>>> print(open('model17.txt').read())   # compact mmCIF, C-alpha atoms
# COMPACT_ATOMS: atom_id res chain seq x y z
CA MET A 1 0.00 0.00 0.00
CA LYS A 2 2.77 2.38 0.90
CA ALA A 3 4.47 1.78 -2.39
CA GLY A 4 1.16 2.19 -4.18
CA LEU A 5 0.56 5.59 -2.66
CA ALA A 6 4.03 6.83 -3.42
CA PHE A 7 3.52 5.74 -6.98
CA LEU A 8 0.23 7.57 -7.20
CA SER A 9 1.60 10.78 -5.80
CA ALA A 10 4.46 10.53 -8.27
CA ILE A 11 1.87 10.47 -11.04
CA CYS A 12 0.20 13.47 -9.51
CA LEU A 13 3.43 15.43 -9.33
CA THR A 14 4.33 14.61 -12.88
CA ALA A 15 0.89 15.61 -14.03
CA CYS A 16 1.41 19.00 -12.43
CA GLY A 17 4.69 19.43 -14.27
CA ASP A 18 6.96 19.37 -11.26
CA ASP A 19 9.17 16.41 -10.98
CA ALA A 20 10.68 16.54 -7.51
CA THR A 21 13.81 14.64 -8.42
CA SER A 22 14.96 16.97 -11.17
CA THR A 23 14.34 20.40 -9.67
CA GLN A 24 17.84 20.75 -8.23
CA SER A 25 19.68 19.65 -11.33
CA PRO A 26 21.14 22.30 -13.64
CA PRO A 27 18.68 23.93 -16.03
CA ALA A 28 18.29 22.55 -19.50
CA GLN A 29 20.14 25.33 -21.27
CA PRO A 30 19.11 25.83 -24.88
CA GLN A 31 22.12 25.15 -27.12
CA PRO A 32 23.77 27.15 -28.50
CA LEU A 33 22.92 29.72 -25.87
CA GLN A 34 21.69 32.90 -27.60
CA SER A 35 20.49 36.21 -26.25
CA GLY A 36 17.14 37.59 -27.39
CA TYR A 37 19.23 40.11 -29.35
CA GLU A 38 20.13 37.41 -31.89
CA PHE A 39 16.47 36.99 -32.82
CA LEU A 40 15.78 40.68 -33.51
CA GLN A 41 15.45 42.41 -36.86
CA PRO A 42 18.71 44.15 -37.93
CA GLN A 43 17.18 47.60 -37.45
CA THR A 44 16.17 46.77 -33.85
CA GLN A 45 19.66 45.44 -33.19
CA ALA A 46 21.09 48.66 -34.62
CA LEU A 47 18.92 50.66 -32.23
CA GLN A 48 20.27 48.69 -29.26
CA ASP A 49 23.87 49.00 -30.50
CA ASP A 50 23.86 52.78 -30.81
CA ASP A 51 24.10 54.43 -27.37
CA PHE A 52 22.88 57.71 -28.82
CA ALA A 53 19.81 56.26 -30.53
CA ASN A 54 18.94 53.58 -27.94
CA PRO A 55 15.90 55.04 -26.12
CA GLY A 56 16.85 53.12 -22.95
CA PHE A 57 19.54 55.73 -22.30
CA LEU A 58 16.86 58.27 -21.42
CA TRP A 59 16.19 56.17 -18.31
CA ILE A 60 19.86 55.52 -17.67
CA ASP A 61 20.59 59.23 -17.69
CA ARG A 62 17.75 59.84 -15.25
CA GLY A 63 18.99 56.93 -13.16
CA GLU A 64 22.49 58.36 -13.00
CA ALA A 65 21.07 61.70 -11.84
CA LEU A 66 19.03 59.97 -9.11
CA PHE A 67 22.07 57.93 -8.11
CA THR A 68 24.08 61.03 -7.36
CA LYS A 69 21.26 63.04 -5.80
CA ALA A 70 21.34 63.28 -1.99
CA ALA A 71 18.35 61.75 -0.21
CA ALA A 72 16.62 63.56 2.66
CA SER A 73 19.05 61.87 5.04
CA GLY A 74 21.89 63.64 3.23
CA GLU A 75 23.34 60.50 1.60
CA ALA A 76 23.31 59.83 -2.13
CA CYS A 77 23.86 56.32 -3.54
CA SER A 78 27.09 57.65 -4.99
CA ASP A 79 28.36 58.61 -1.51
CA CYS A 80 28.59 54.93 -0.58
CA HIS A 81 29.23 53.43 -4.01
CA THR A 82 32.37 54.79 -5.62
CA ASP A 83 34.95 53.21 -7.89
CA THR A 84 36.97 52.14 -4.88
CA SER A 85 34.43 51.52 -2.13
CA LEU A 86 31.47 49.19 -2.76
CA PRO A 87 31.84 49.55 -6.53
CA LEU A 88 28.81 48.45 -8.54
CA ALA A 89 30.50 47.54 -11.82
CA GLY A 90 29.61 43.88 -12.39
CA ALA A 91 27.31 43.68 -9.36
CA ALA A 92 24.04 43.31 -11.29
CA ALA A 93 25.28 40.12 -12.97
CA HIS A 94 24.90 38.30 -9.63
CA TYR A 95 21.23 39.07 -8.99
CA PRO A 96 18.82 37.79 -7.81
CA GLN A 97 20.61 36.75 -4.62
CA ILE A 98 19.87 36.10 -0.96
CA ASP A 99 20.01 39.23 1.19
CA SER A 100 22.04 38.29 4.26
CA GLY A 101 20.11 40.73 6.45
CA SER A 102 16.66 39.29 5.81
CA SER A 103 17.52 35.90 4.21
CA ASP A 104 15.02 36.79 1.47
CA LEU A 105 15.68 36.47 -2.24
CA ILE A 106 15.99 39.92 -3.76
CA ASN A 107 16.51 41.19 -7.28
CA LEU A 108 18.19 44.43 -8.25
CA GLU A 109 15.00 46.41 -7.67
CA GLY A 110 14.77 44.86 -4.21
CA ARG A 111 18.38 45.72 -3.40
CA ILE A 112 17.89 49.33 -4.46
CA ASN A 113 14.84 49.58 -2.23
CA LEU A 114 16.72 48.00 0.70
CA CYS A 115 19.46 50.58 0.32
CA ARG A 116 16.82 53.29 0.41
CA THR A 117 15.17 52.02 3.58
CA ARG A 118 18.29 50.85 5.42
CA HIS A 119 20.83 53.47 4.48
CA GLN A 120 18.97 56.48 3.17
CA ASP A 121 15.93 56.63 5.41
CA GLU A 122 13.68 56.76 2.36
CA ALA A 123 10.48 54.92 1.47
CA PRO A 124 10.87 52.09 -1.05
CA LEU A 125 10.08 53.04 -4.64
CA GLU A 126 7.11 51.46 -6.31
CA TYR A 127 7.75 48.68 -8.79
CA GLU A 128 7.63 49.95 -12.38
CA SER A 129 7.75 53.58 -11.24
CA ASP A 130 9.92 55.73 -13.47
CA GLU A 131 12.38 56.28 -10.63
CA LEU A 132 12.88 52.61 -9.78
CA LEU A 133 13.16 51.68 -13.47
CA SER A 134 15.71 54.43 -14.01
CA LEU A 135 17.86 53.46 -11.03
CA THR A 136 17.65 49.76 -11.88
CA ALA A 137 18.55 50.38 -15.51
CA TYR A 138 21.49 52.56 -14.50
CA VAL A 139 22.87 50.02 -12.02
CA ALA A 140 22.37 47.16 -14.49
CA TYR A 141 24.09 49.22 -17.18
CA LEU A 142 27.18 49.45 -14.93
CA SER A 143 27.43 45.67 -15.49
CA ARG A 144 26.90 45.71 -19.23
CA GLY A 145 29.18 43.05 -20.71
CA THR A 146 29.62 41.12 -17.43
CA PRO A 147 28.72 37.42 -17.73
CA ILE A 148 25.70 36.40 -15.66
CA SER A 149 26.60 34.24 -12.67
CA VAL A 150 24.25 33.58 -9.77
CA ASP A 151 24.43 31.48 -6.64
CA ILE A 152 21.75 28.81 -6.35
CA GLU A 153 23.15 27.05 -3.29
CA GLY A 154 21.99 27.24 0.31
CA ALA A 155 18.94 29.39 0.94
CA ALA A 156 18.73 30.13 -2.79
CA SER A 157 18.18 26.50 -3.74
CA ASP A 158 14.50 26.42 -2.78
CA TRP A 159 13.93 29.59 -4.78
CA TYR A 160 15.68 28.08 -7.73
CA ALA A 161 13.49 24.97 -7.55
CA ARG A 162 10.38 27.13 -7.28
CA GLY A 163 11.42 29.15 -10.33
CA ARG A 164 12.03 26.00 -12.29
CA ASP A 165 8.61 24.66 -11.31
CA TYR A 166 6.99 27.86 -12.50
CA PHE A 167 8.92 27.69 -15.77
CA GLU A 168 7.87 24.12 -16.42
CA ALA A 169 4.24 24.22 -15.24
CA ARG A 170 1.43 24.64 -17.71
CA ARG A 171 -0.96 27.48 -17.09
CA GLY A 172 -3.72 29.61 -18.50
CA GLN A 173 -6.63 28.85 -20.78
CA PHE A 174 -4.09 27.82 -23.43
CA ASN A 175 -2.40 25.48 -20.96
CA LEU A 176 1.20 26.20 -21.99
CA SER A 177 4.45 26.35 -20.04
CA CYS A 178 7.43 28.64 -20.55
CA THR A 179 9.44 25.55 -21.49
CA GLN A 180 7.22 24.72 -24.41
CA CYS A 181 7.97 28.03 -26.11
CA HIS A 182 11.46 28.91 -24.93
CA ASP A 183 13.14 25.49 -24.63
CA ASP A 184 11.26 23.51 -27.26
CA ASN A 185 10.26 25.97 -29.98
CA TRP A 186 12.74 28.86 -29.99
CA GLY A 187 13.70 30.01 -33.45
CA LYS A 188 10.21 29.43 -34.82
CA LYS A 189 7.77 32.13 -35.87
CA LEU A 190 4.74 33.17 -33.87
CA ARG A 191 3.27 35.57 -36.40
CA GLY A 192 5.82 38.41 -36.77
CA ASP A 193 7.81 37.40 -33.68
CA THR A 194 10.62 34.88 -33.57
CA ILE A 195 10.43 32.96 -30.28
CA SER A 196 13.75 33.47 -28.50
CA GLN A 197 15.24 31.36 -25.76
CA GLY A 198 13.53 33.63 -23.22
CA HIS A 199 16.53 35.11 -21.41
CA GLY A 200 16.18 38.16 -19.20
CA THR A 201 19.63 39.56 -19.98
CA GLY A 202 18.44 42.74 -21.72
CA PHE A 203 16.18 43.93 -18.89
CA PRO A 204 15.15 46.49 -17.89
CA ALA A 205 14.66 46.80 -21.64
CA TYR A 206 12.98 49.24 -23.99
CA ARG A 207 10.14 47.46 -25.79
CA LEU A 208 8.81 49.05 -28.94
CA GLU A 209 5.40 47.60 -28.09
CA TRP A 210 5.45 49.39 -24.72
CA GLN A 211 6.99 52.57 -26.07
CA SER A 212 8.81 52.52 -22.77
CA LEU A 213 11.45 50.88 -20.67
CA GLY A 214 10.07 48.04 -18.53
CA SER A 215 11.24 45.48 -16.01
CA LEU A 216 11.69 41.76 -16.55
CA HIS A 217 8.59 41.18 -14.42
CA ARG A 218 6.57 43.25 -16.86
CA ARG A 219 7.80 41.01 -19.69
CA LEU A 220 6.86 37.91 -17.65
CA ARG A 221 3.40 39.33 -17.08
CA ASP A 222 3.01 39.69 -20.85
CA CYS A 223 4.03 36.06 -21.45
CA ASP A 224 1.59 34.88 -18.78
CA ALA A 225 -1.20 37.03 -20.22
CA GLY A 226 -0.36 35.60 -23.66
CA VAL A 227 -1.46 32.14 -22.56
CA ARG A 228 -4.45 33.70 -20.78
CA ALA A 229 -3.05 32.98 -17.34
CA GLU A 230 -3.51 35.40 -14.48
CA PRO A 231 -0.17 37.25 -14.27
CA ARG A 232 1.59 37.38 -10.90
CA PRO A 233 2.10 40.79 -9.26
CA PHE A 234 5.29 42.79 -9.88
CA GLY A 235 7.95 41.71 -7.40
CA SER A 236 5.97 38.59 -6.43
CA ALA A 237 7.76 35.58 -4.99
CA ASP A 238 6.94 33.50 -8.08
CA TYR A 239 8.51 36.03 -10.46
CA LEU A 240 11.57 36.50 -8.22
CA ALA A 241 12.01 32.73 -8.30
CA VAL A 242 11.62 32.66 -12.09
CA GLU A 243 14.13 35.51 -12.36
CA LEU A 244 16.67 33.38 -10.46
CA TYR A 245 15.97 30.34 -12.60
CA LEU A 246 16.30 32.42 -15.77
CA ALA A 247 19.60 33.90 -14.58
CA LYS A 248 21.04 30.45 -13.89
CA ARG A 249 19.73 29.23 -17.23
CA ALA A 250 21.37 32.21 -18.97
CA GLU A 251 24.72 31.67 -17.26
CA GLY A 252 27.43 32.52 -19.77
CA LEU A 253 25.46 35.28 -21.49
CA GLU A 254 26.29 38.90 -20.66
CA VAL A 255 24.22 41.68 -19.12
CA GLU A 256 22.93 43.79 -22.04
CA THR A 257 20.93 46.52 -20.34
CA PRO A 258 19.55 48.61 -21.92
CA GLY A 259 18.23 46.02 -24.36
CA VAL A 260 15.84 47.02 -27.13
CA ARG A 261 13.09 44.54 -27.93
CA ARG A 262 10.08 44.28 -30.15
CA MET B 1 -8.62 -2.04 -3.76
CA ARG B 2 -8.89 -2.56 -7.44
CA THR B 3 -11.81 -0.24 -7.84
CA ALA B 4 -10.58 2.23 -5.27
CA LEU B 5 -7.32 2.98 -7.04
CA PRO B 6 -8.61 4.75 -10.15
CA VAL B 7 -10.85 6.90 -8.01
CA LEU B 8 -7.91 7.88 -5.86
CA ALA B 9 -5.85 8.70 -8.92
CA MET B 10 -8.64 10.88 -10.27
CA THR B 11 -8.86 12.78 -7.03
CA LEU B 12 -5.13 13.31 -6.91
CA LEU B 13 -5.03 14.58 -10.45
CA ALA B 14 -7.96 16.87 -9.88
CA GLY B 15 -6.28 18.10 -6.71
CA CYS B 16 -3.32 19.34 -8.76
CA SER B 17 -5.33 21.80 -10.75
CA GLY B 18 -7.92 22.57 -8.16
CA GLU B 19 -10.70 21.86 -10.61
CA THR B 20 -13.06 18.96 -10.79
CA THR B 21 -15.20 19.96 -13.76
CA SER B 22 -14.95 17.91 -16.90
CA ARG B 23 -12.29 18.79 -19.38
CA LEU B 24 -14.34 20.00 -22.34
CA ALA B 25 -16.92 22.79 -22.30
CA THR B 26 -19.82 20.45 -23.14
CA PRO B 27 -19.95 16.64 -23.21
CA VAL B 28 -18.33 15.36 -26.39
CA GLU B 29 -17.92 11.83 -27.68
CA ILE B 30 -14.43 11.01 -28.86
CA THR B 31 -13.97 7.96 -31.09
CA GLY B 32 -10.36 7.08 -31.78
CA ASP B 33 -8.78 10.30 -32.97
CA GLU B 34 -12.07 11.85 -34.06
CA ILE B 35 -15.08 13.76 -32.85
CA THR B 36 -17.46 12.59 -35.53
CA ALA B 37 -20.58 14.54 -34.56
CA PRO B 38 -20.68 18.34 -34.93
CA LEU B 39 -20.40 20.08 -31.53
CA LEU B 40 -23.92 20.72 -30.17
CA GLY B 41 -25.16 19.56 -33.59
CA LEU B 42 -24.28 22.95 -35.10
CA GLN B 43 -23.77 23.64 -38.79
CA GLY B 44 -20.42 25.27 -39.71
CA ASP B 45 -19.88 28.05 -42.20
CA ALA B 46 -16.58 28.11 -44.13
CA VAL B 47 -16.66 31.85 -44.85
CA ARG B 48 -17.04 32.67 -41.17
CA GLY B 49 -14.44 30.00 -40.45
CA GLU B 50 -11.84 31.86 -42.49
CA THR B 51 -12.41 34.93 -40.33
CA VAL B 52 -12.18 32.89 -37.13
CA PHE B 53 -8.90 31.48 -38.42
CA ALA B 54 -7.28 34.85 -39.15
CA ASP B 55 -8.86 37.24 -36.65
CA ARG B 56 -6.70 38.19 -33.67
CA GLU B 57 -9.82 38.44 -31.49
CA GLN B 58 -11.05 34.96 -32.47
CA GLY B 59 -9.02 31.84 -33.29
CA HIS B 60 -5.93 33.73 -34.47
CA CYS B 61 -4.65 30.43 -35.85
CA VAL B 62 -2.27 32.32 -38.17
CA LEU B 63 -0.17 32.92 -35.07
CA CYS B 64 1.19 29.42 -35.65
CA HIS B 65 -0.18 28.16 -38.99
CA ALA B 66 0.10 29.35 -42.57
CA VAL B 67 -2.52 28.80 -45.26
CA GLU B 68 -1.54 29.58 -48.83
CA GLY B 69 -3.63 32.33 -50.37
CA LEU B 70 -5.10 33.51 -47.08
CA ASP B 71 -5.12 37.30 -46.74
CA ALA B 72 -3.12 37.68 -43.50
CA GLU B 73 0.45 38.91 -43.16
CA PHE B 74 3.21 37.21 -41.16
CA GLN B 75 1.64 33.77 -40.79
CA GLY B 76 3.47 31.67 -38.22
CA ASN B 77 5.33 28.39 -38.63
CA VAL B 78 5.28 26.92 -35.13
CA GLY B 79 2.60 24.52 -36.35
CA PRO B 80 2.46 22.76 -39.73
CA ALA B 81 1.10 24.65 -42.75
CA LEU B 82 -2.58 23.84 -43.12
CA THR B 83 -2.89 24.27 -46.88
CA GLY B 84 -4.56 21.07 -48.09
CA VAL B 85 -5.09 19.75 -44.55
CA ASP B 86 -8.34 18.10 -45.64
CA ALA B 87 -6.33 15.78 -47.86
CA ARG B 88 -4.74 14.22 -44.76
CA LEU B 89 -7.49 14.62 -42.14
CA ASN B 90 -11.25 14.10 -42.24
CA GLU B 91 -13.71 16.47 -40.56
CA GLY B 92 -13.93 14.42 -37.38
CA GLN B 93 -10.15 14.40 -37.04
CA ILE B 94 -9.94 18.14 -37.66
CA ARG B 95 -12.71 18.72 -35.08
CA LEU B 96 -10.82 16.84 -32.36
CA ARG B 97 -7.56 18.59 -33.22
CA VAL B 98 -9.13 22.01 -32.86
CA ALA B 99 -11.27 21.12 -29.84
CA ASP B 100 -8.72 19.18 -27.78
CA ILE B 101 -5.43 18.41 -29.52
CA GLN B 102 -3.74 18.14 -26.11
CA SER B 103 -5.73 14.97 -25.48
CA LEU B 104 -3.95 13.42 -28.47
CA TRP B 105 -0.49 14.89 -27.90
CA PRO B 106 -0.10 16.06 -24.32
CA ASP B 107 3.13 17.95 -25.08
CA THR B 108 1.91 19.86 -28.12
CA LEU B 109 2.25 23.63 -28.23
CA MET B 110 -1.23 23.95 -29.69
CA PRO B 111 -3.98 24.99 -27.26
CA SER B 112 -7.15 22.89 -26.86
CA TYR B 113 -9.79 25.37 -27.99
CA TYR B 114 -12.85 23.65 -26.51
CA ARG B 115 -11.25 22.85 -23.20
CA SER B 116 -12.50 24.65 -20.11
CA GLY B 117 -11.69 22.42 -17.16
CA GLY B 118 -8.71 21.02 -15.28
CA LEU B 119 -6.59 24.08 -16.03
CA ASN B 120 -4.17 26.01 -13.85
CA GLN B 121 -3.95 29.77 -13.07
CA VAL B 122 -6.47 30.83 -15.72
CA ALA B 123 -7.07 34.60 -15.87
CA PRO B 124 -10.48 35.37 -14.32
CA ALA B 125 -11.82 36.78 -17.59
CA TYR B 126 -11.47 33.33 -19.20
CA ALA B 127 -12.10 31.02 -16.25
CA GLY B 128 -14.51 28.20 -16.96
CA GLU B 129 -14.83 29.19 -20.62
CA PRO B 130 -13.38 27.51 -23.70
CA ALA B 131 -11.19 29.68 -25.97
CA LEU B 132 -13.66 29.24 -28.85
CA THR B 133 -17.38 28.53 -28.92
CA ALA B 134 -18.85 25.40 -30.46
CA GLN B 135 -20.07 27.52 -33.38
CA GLN B 136 -16.62 29.01 -34.01
CA ILE B 137 -15.10 25.53 -33.98
CA GLU B 138 -17.70 24.21 -36.42
CA ASP B 139 -16.98 27.19 -38.68
CA LEU B 140 -13.26 26.33 -38.56
CA VAL B 141 -13.99 22.68 -39.37
CA ALA B 142 -16.03 23.81 -42.37
CA TYR B 143 -13.24 26.13 -43.51
CA LEU B 144 -10.37 23.67 -43.02
CA GLY B 145 -12.42 20.86 -44.56
CA LYS B 146 -12.56 22.80 -47.82
CA LEU B 147 -9.02 24.04 -48.12
CA ASP B 148 -7.94 21.51 -50.69
CA GLY B 149 -10.73 21.22 -53.17
CA GLU B 150 -13.28 23.28 -54.99
CA ARG B 151 -15.28 25.46 -52.63
CA THR B 152 -18.95 24.63 -52.70
>>> encode(input="model17.txt", output="structure tokens")
Amino acid sequence: MKAGLAFLSAICLTACGDDATSTQSPPAQPQPLQSGYEFLQPQTQALQDDDFANPGFLWIDRGEALFTKAAASGEACSDCHTDTSLPLAGAAAHYPQIDSGSSDLINLEGRINLCRTRHQDEAPLEYESDELLSLTAYVAYLSRGTPISVDIEGAASDWYARGRDYFEARRGQFNLSCTQCHDDNWGKKLRGDTISQGHGTGFPAYRLEWQSLGSLHRRLRDCDAGVRAEPRPFGSADYLAVELYLAKRAEGLEVETPGVRR
Amino acid sequence: MRTALPVLAMTLLAGCSGETTSRLATPVEITGDEITAPLLGLQGDAVRGETVFADREQGHCVLCHAVEGLDAEFQGNVGPALTGVDARLNEGQIRLRVADIQSLWPDTLMPSYYRSGGLNQVAPAYAGEPALTAQQIEDLVAYLGKLDGERT
């Protein structure tokens, strides 16, 4: 009977798309690993390549100004982060990560908000606000060209498994998983779009469809809405977990912020 | 024990998705790889079916499938081209593939357009509803059933 039950629950787990034995193994990386950039039209690539034409730099310039502006407490980000003390070049390539203070998983947006509350005596910025997007884009830009490398050991391992589950689970009225598009069908055409491998390396990115810069979580909400699933909230635990899984899956690609996408 | 097991398995499976309703929007008889009878006994219309096929607000099948001669730009290629599909599939086979292709090939990228139950995290606006109505599916079957030959 015991064996029978275990067998049954194994069926149940498989049916839900989360196979407990495989969640800790390395992600199935699409081969060869290619950034979303490779799947863009030449004119969109040209827009990303030209720092003067790339619209993402409007946010980066605003982000740089916010970075050096003193908060009410008197401290600016740039007072703590200089080239020699707590430098940020390369830092963004290692997010999301576990915050040692709270033991929570945080992404770059979360780290910026923690700095505001812990060190600047400021309220956290709202997700997708122009200020948080600008600061995040600026800090990510300081890592442009740095290979992604995240830690999925220790406290991060449960998050990683959760992100993988989300990536592999079917959802929405169309009953599709991220895997089905971005692992199994990349390179093929969905109408005018070429399905890429679904890496987050260009984010925050400027999307022509948005006519704006947006976060990775905004992109994930669009993919969820595309299969008629209820999107998760910005900054939700599920999307943080997916962000970690995506970063591990993209390991070897470089930070591209500000990416330009269709 | 013998009889209890399948029931247990059903409950466990249903427990995964949090839904216990039947899979399709209305009861449908599947024979082999076909649904032989028109859904709800409705009569399809090929002209309307072409619109359902191309329209972004309806089937939007061109997202993944191309049909030669159809007036729609950027037709997708994630699924096979459907030009001449009626030469390889009969109406009943086409009906099942549009209504519930995931029952034939669980891993397919194509949605099951008449499925409304046993799904996960569906947006409230679509919950409990199939992606297409029985009439829209019959219209598609009429359209796809005539792609190869003379239109009557």
>>> atom_distance(input="model17.txt", atom1="CA of Arg115 (chain B)", atom2="CA of Ala131 (chain B)")
7.4 Å
>>> closest_atom_pairs(input="model17.txt", of="region 102-162 of chain A", to="region 214-226 of chain A", cutoff="12 Å", atoms="all atoms listed in the file", output="CSV")
residue,atom,partner,partner_atom,distance
A:Asn107,CA,A:Leu216,CA,10.5
A:Leu108,CA,A:Ser215,CA,10.5
A:Glu109,CA,A:Ser215,CA,9.2
A:Tyr127,CA,A:Ser215,CA,8.6
A:Glu128,CA,A:Ser215,CA,6.8
A:Ser129,CA,A:Gly214,CA,9.4
A:Asp130,CA,A:Gly214,CA,9.2
A:Glu131,CA,A:Gly214,CA,11.6
A:Leu132,CA,A:Ser215,CA,9.6
A:Leu133,CA,A:Gly214,CA,7.0
A:Ser134,CA,A:Gly214,CA,9.6
A:Leu135,CA,A:Ser215,CA,11.5
A:Thr136,CA,A:Ser215,CA,8.7
A:Ala137,CA,A:Ser215,CA,8.8
A:Ala140,CA,A:Ser215,CA,11.4
>>> closest_residue(input="model17.txt", among="B:Ser116, B:Gln136, B:Gln43, B:Thr36", to="chain A", atoms="all atoms listed in the file")
B:Ser116
>>> residues_around(input="model17.txt", residues="region 48-50 of chain B", least_positions_apart="5", cutoff="8 Å", atoms="all atoms listed in the file", output="list in words")
Gln136, Ile137, Glu138, Asp139, Leu140, Val141, Ala142, Tyr143 and Leu144 of chain B
>>> residues_around(input="model17.txt", residues="Glu153 (chain A)", least_positions_apart="3", cutoff="12 Å", atoms="all atoms listed in the file", output="NGL selection string")
:A and (24-26 or 97-98 or 150 or 156-161 or 244 or 248)
>>> residues_around(input="model17.txt", residues="region 83-92 of chain B", least_positions_apart="3", cutoff="10 Å", atoms="all atoms listed in the file", output="list in words")
Ile30, Thr31, Gly32, Asp33, Glu34, Ile35, Thr36, Ala37, Pro38, His65, Ala66, Val67, Glu68, Gly69, Leu70, Pro80, Arg95, Leu96, Arg97, Glu138, Val141, Ala142, Tyr143, Leu144, Gly145, Lys146, Leu147, Asp148 and Gly149 of chain B
>>> atom_distance(input="model17.txt", atom1="CA of Phe234 (chain A)", atom2="CA of His199 (chain A)")
17.8 Å
>>> residues_around(input="model17.txt", residues="Gly187 (chain A)", least_positions_apart="4", cutoff="9 Å", atoms="only C-alpha atoms", output="JSON list (two decimals) with C-alpha atoms, in the frame of the given file")
[["chain", "number", "residue", "atom", "x", "y", "z"],
["A", 39, "PHE", "CA", 16.47, 36.99, -32.82],
["A", 182, "HIS", "CA", 11.46, 28.91, -24.93],
["A", 194, "THR", "CA", 10.62, 34.88, -33.57],
["A", 195, "ILE", "CA", 10.43, 32.96, -30.28],
["A", 196, "SER", "CA", 13.75, 33.47, -28.50],
["A", 197, "GLN", "CA", 15.24, 31.36, -25.76]]
>>> atom_distance(input="model17.txt", atom1="CA of Asp55 (chain B)", atom2="CA of Pro111 (chain B)")
16.2 Å
>>> closest_residue(input="model17.txt", among="B:Thr26, B:Val78, B:Ser103, B:Glu57", to="chain A", atoms="all atoms listed in the file")
B:Val78
>>> closest_residue(input="model17.txt", among="B:Asp45, B:Asp71, B:Glu29, B:Glu129", to="chain A", atoms="all atoms listed in the file")
B:Glu129
>>> closest_atom_pairs(input="model17.txt", of="chain B", to="chain A", cutoff="7 Å", atoms="all atoms listed in the file", output="tab-separated table")
residue	atom	partner	partner_atom	distance
B:Ala9	CA	A:Leu8	CA	6.4
B:Leu12	CA	A:Cys12	CA	5.9
B:Leu13	CA	A:Cys12	CA	5.4
B:Cys16	CA	A:Cys16	CA	6.0
B:Val62	CA	A:Arg191	CA	6.7
B:Leu63	CA	A:Arg191	CA	4.5
B:Cys64	CA	A:Leu190	CA	5.5
B:Phe74	CA	A:Arg191	CA	5.0
B:Gln75	CA	A:Arg191	CA	5.0
B:Gly76	CA	A:Arg191	CA	4.3
B:Asn77	CA	A:Lys189	CA	5.2
B:Val78	CA	A:Lys188	CA	5.5
B:Leu109	CA	A:Gln180	CA	6.4
B:Pro111	CA	A:Phe174	CA	4.8
B:Ser112	CA	A:Phe174	CA	6.7
B:Leu119	CA	A:Asn175	CA	6.6
B:Asn120	CA	A:Arg171	CA	4.8
B:Gln121	CA	A:Ala229	CA	5.4
B:Val122	CA	A:Gly172	CA	4.1
B:Ala123	CA	A:Glu230	CA	3.9
B:Pro124	CA	A:Glu230	CA	7.0
B:Tyr126	CA	A:Gln173	CA	6.8
B:Ala131	CA	A:Gln173	CA	7.0
>>> closest_residue(input="model17.txt", among="A:Ala46, A:Leu142, A:Ile152, A:Leu40", to="Leu246 (chain A)", atoms="only C-alpha atoms")
A:Ile152
>>> residues_around(input="model17.txt", residues="Val255 (chain A)", least_positions_apart="5", cutoff="9 Å", atoms="all atoms listed in the file", output="ChimeraX atom specification")
/A:90,92-93,140-141,143-148,200-203
